[in-house]
Amino acid sequence: MGAVFKKDFKSALTGMTGIIFITAVLVFVGVFTAIIHFDQRFAQFEYALISASFASLLLTPILTMRSFSEERKMKTDQLLYSLPISTFQIVMGKFLAMAAIFAIPCAVFCLYPIVLTFFAEGSLNYVMTYGAILAYFLLGCAIIAICMFISSLTESQVISAIISIAAILLVYFLAQFSAYIPTDDWFSLMVVVILCLVVAFIVYSATKNYIAGVCAGAVLVIAAVVVYIVKPALYVGLASQMISGICVFLPIQAFGNGVFDITAYVYYLSLIALFVFATVQTFEKRRWN
Amino acid sequence: MIEVKNLSKNYGPVPAVKGISFTVKEGCIYGFLGPNGAGKSTTMNMLTGCLAPTQGEVKINGHDIIDEAIEAKRCIGYLPEMPPLYLEMTPFEYLEFVGRARGLKKDALYDEMERVMEKTKIADVSDRLLKNLSKGYKQRVGIAQAIMGNPDIIILDEPTVGLDPIQIIEIRDLILELGEEHTVILSSHILQEIEAVCDRVIMISQGNIVADDTLEALTKDETLEEAFVRLAGESLDAGAAYAMAKAAEADDDDSEPVSKKGKKKIRVESSLGAAYYDEVYVDEEPEAEEAADEDIEPEGEEYTPMFTDKEDGE
């Protein structure tokens, strides 16, 4: 893991992608900090950080687009497969290298609250502020994990970057969209049934077995309908909750409202684990094709 | 050292390697010989864990390449057909990475790098970017990577492709030198190369092993070239004859009347791929061997003849 980490960390810094990403994050957060704090004289750095989270992290694909696509295109993945390191170590090495690059601007942000106390009015709640910086770091890592997974699906860096940016935009705007989604129970049931069918299709494409796919779909749909008949109240507002659930930019907002939200950390860590796992599976699956 | 049992690989419905078995013993240079598209690279990729077999098993020093992958891969150094180089790195950085991934640390790592660079004669370019190096040097760096950490077995997939004659001789000398300390498996379709460096030859054609013997035994009654053409040709004929018989059978099953005498177009599916053969003269009772001997011209796109550069399923 250490070897892959060192290689990727170094190549991100010498290959400029890391430098561009660090600069972009610093510039966006810097601009928001200047506007919010020097104009309105707030001491709470978390306001600027949360406001800048979307704009600064939209550029994450610059960092992640190469991670697996480039290996596949240059056929260097054959070297990784033949070295005595496990697929999990390779994926974790790559993920941690990108997380370490992202940690550089986050470390710089740790100085901002201290600087702000000299200029702004009002006292500073250090726990909240540093809690928000940690949440921002984990949010960035979750987005890195998602984009790394997308990079493992294609050998084209450009496609990887475009799909990643589309994914970030989608999860961001879905949050605003979720307010317009009907809260009726029947609508939620429909959404759940569609999701069940998607899962059934994934089961079919993974196993190439019609019976497995149909069985999985039937079991899930029947279960969803039974729950609907027994306890329809569970479905009220479920669709909009699910959609807000996939919006990664929402949980960090709690810190702006003065709530130290542990569940946000848990949410981001689960997302990271999920997408690292998915990347390991995709990278491993390519050996079996 | 290496035990291969009933190893198969299918790419979708197309079989690339069909249940081959062989054993590689210590201290020899093995030549892995076969026409293009025979399944050489697929087999090498399976030996090194880059590809998982559809069936069968590979054991390296007793460790299964899938179940005990890390232990098995520790014993192997592999140079794929295209050297897997990070072009934005220098050879020094690249070997440092490979050494670390092979578990070498600090002094041991740098001593090993020095040894390897000296052996492959790349010390004088160690601080230049890999993308600026010539093909010969890139190949050397690829070999240097394969011998990092002094693995017992070194597997080289067509190491001299695209090199000039002087570089080819240098690489061959290097392989001979490596053969003194390691077990080397070298894949190639260049017969002179195999003759120049190998002790034993494993010949593969159409995914099957057609010969596994010492070089002397193979070249006792005929030259290696004759043996190669004969064995690979027999295998090709057998495949084509089988496909012809199948195609004729399929035509017989057809309810449409088949012109028993005359010219027609048939689709032939064989392990080589599928092809349309035009204007084949079909007898009353099509004899498989005879049909194969007919002078037939391939027309379909999917046909991959021997001795071309198009790799089939690799």
# chains A, B, ... in the order shown; residues from 1 in each chain; ligands from 1
>>> select_by_dssp(residues="range 168-216 of chain B", states="strand (DSSP E)", output="compact mmCIF listing (two decimals) with N, CA, C and O atoms, in the first residue's frame")
# COMPACT_ATOMS: atom_id res chain seq x y z
N THR B 183 15.02 -19.26 -13.17
CA THR B 183 14.28 -19.99 -14.19
C THR B 183 13.64 -18.93 -15.07
O THR B 183 12.98 -18.03 -14.57
N VAL B 184 13.88 -19.03 -16.36
CA VAL B 184 13.35 -18.01 -17.26
C VAL B 184 12.35 -18.64 -18.22
O VAL B 184 12.60 -19.71 -18.77
N ILE B 185 11.21 -17.99 -18.38
CA ILE B 185 10.27 -18.40 -19.43
C ILE B 185 10.20 -17.24 -20.41
O ILE B 185 9.95 -16.10 -20.03
N LEU B 186 10.45 -17.58 -21.66
CA LEU B 186 10.57 -16.53 -22.66
C LEU B 186 9.59 -16.85 -23.78
O LEU B 186 9.62 -17.93 -24.33
N SER B 187 8.69 -15.92 -24.06
CA SER B 187 7.77 -16.22 -25.16
C SER B 187 8.23 -15.52 -26.41
O SER B 187 8.79 -14.42 -26.35
N SER B 188 8.03 -16.17 -27.53
CA SER B 188 8.48 -15.57 -28.78
C SER B 188 7.88 -16.30 -29.96
O SER B 188 7.45 -17.44 -29.83
N ARG B 200 14.71 -25.64 -23.20
CA ARG B 200 13.49 -26.43 -23.48
C ARG B 200 12.49 -25.59 -24.24
O ARG B 200 12.50 -24.36 -24.14
N VAL B 201 11.63 -26.24 -24.99
CA VAL B 201 10.64 -25.52 -25.78
C VAL B 201 9.24 -26.05 -25.47
O VAL B 201 9.03 -27.26 -25.44
N ILE B 202 8.34 -25.14 -25.20
CA ILE B 202 6.92 -25.50 -25.11
C ILE B 202 6.26 -24.82 -26.29
O ILE B 202 6.33 -23.60 -26.42
N MET B 203 5.66 -25.62 -27.18
CA MET B 203 5.07 -25.02 -28.38
C MET B 203 3.57 -25.02 -28.24
O MET B 203 2.96 -26.02 -27.83
N ILE B 204 2.96 -23.89 -28.53
CA ILE B 204 1.52 -23.77 -28.36
C ILE B 204 0.92 -23.28 -29.68
O ILE B 204 1.53 -22.46 -30.37
N SER B 205 -0.20 -23.87 -30.04
CA SER B 205 -0.87 -23.44 -31.26
C SER B 205 -2.37 -23.58 -31.04
O SER B 205 -2.84 -24.60 -30.54
N ASN B 208 -3.62 -24.89 -27.72
CA ASN B 208 -3.24 -26.23 -27.26
C ASN B 208 -1.72 -26.35 -27.28
O ASN B 208 -1.06 -25.75 -28.12
N ILE B 209 -1.20 -27.18 -26.36
CA ILE B 209 0.24 -27.45 -26.40
C ILE B 209 0.49 -28.54 -27.44
O ILE B 209 -0.16 -29.60 -27.39
N VAL B 210 1.38 -28.27 -28.39
CA VAL B 210 1.64 -29.26 -29.43
C VAL B 210 3.02 -29.89 -29.27
O VAL B 210 3.29 -30.90 -29.89
N ALA B 211 3.86 -29.28 -28.43
CA ALA B 211 5.16 -29.90 -28.15
C ALA B 211 5.67 -29.37 -26.82
O ALA B 211 5.45 -28.23 -26.48
N ASP B 212 6.34 -30.26 -26.05
CA ASP B 212 6.95 -29.85 -24.79
C ASP B 212 8.17 -30.74 -24.61
O ASP B 212 8.06 -31.87 -24.16
N ASP B 213 9.32 -30.24 -25.05
CA ASP B 213 10.50 -31.10 -25.09
C ASP B 213 11.77 -30.25 -25.02
O ASP B 213 11.70 -29.03 -25.08
N THR B 214 12.91 -30.94 -24.96
CA THR B 214 14.17 -30.19 -25.00
C THR B 214 14.41 -29.73 -26.44
O THR B 214 13.88 -30.32 -27.38
>>> interface_residues(of="chain A", to="chain B", cutoff="8 Å", atoms="only C-alpha atoms", output="PyMOL selection string")
chain A and resi 1-4+6-7+11+15+74-79+81-86+287-289
>>> residues_around(residues="Ala55 in chain A", least_positions_apart="5", cutoff="12 Å", atoms="only C-alpha atoms", output="ChimeraX atom specification")
/A:24-32,48-50,60,140,165,168-169,172,249
>>> select_by_dssp(residues="range 110-217 of chain B", states="helix (DSSP H, G or I)", output="ChimeraX atom specification")
/B:110-119,123-125,130-132,135-147,165-181,191-197,215-217
>>> residues_around(residues="range 105-114 of chain A", least_positions_apart="2", cutoff="9 Å", atoms="only C-alpha atoms", output="MDAnalysis selection string")
chainID A and resid 22:23 25:26 29 33 43:46 49 101:103 116:118 124 126 129:130 133:134 136:137
>>> residues_around(residues="Glu112 in chain B", least_positions_apart="5", cutoff="10 Å", atoms="only C-alpha atoms", output="MDAnalysis selection string")
chainID B and resid 95:96 99 104:105 107 117:118 147:150
>>> residues_around(residues="Tyr228 in chain A", least_positions_apart="2", cutoff="12 Å", atoms="only C-alpha atoms", output="list in words")
Asp184, Asp185, Trp186, Phe187, Ser188, Leu189, Met190, Val192, Val193, Val221, Ile222, Ala223, Ala224, Val225, Val226, Val230, Lys231, Pro232, Ala233, Leu234, Tyr235, Val236 and Leu238 of chain A
>>> residues_around(residues="Arg140 in chain B", least_positions_apart="3", cutoff="8 Å", atoms="only C-alpha atoms", output="compact mmCIF listing (two decimals) with C-alpha atoms, in the first residue's frame")
# COMPACT_ATOMS: atom_id res chain seq x y z
CA THR B 120 20.57 -4.24 -17.32
CA LYS B 121 23.04 -1.41 -18.06
CA ILE B 122 20.62 1.44 -17.40
CA GLY B 136 15.75 -0.50 -26.30
CA TYR B 137 16.26 1.29 -23.00
CA ILE B 143 13.45 -6.29 -17.65
CA ALA B 144 15.06 -4.47 -14.70
CA ILE B 171 18.91 -8.59 -24.64
>>> closest_residue(among="B:Asp124, B:Glu181, B:Asp157, B:Asp64", to="Thr43 in chain B", atoms="only C-alpha atoms")
B:Asp157
>>> atom_distance(atom1="CA of Thr42 in chain B", atom2="CA of Asn6 in chain B")
14.2 Å
>>> atom_distance(atom1="CA of Val248 in chain A", atom2="CA of Ala273 in chain A")
14.2 Å
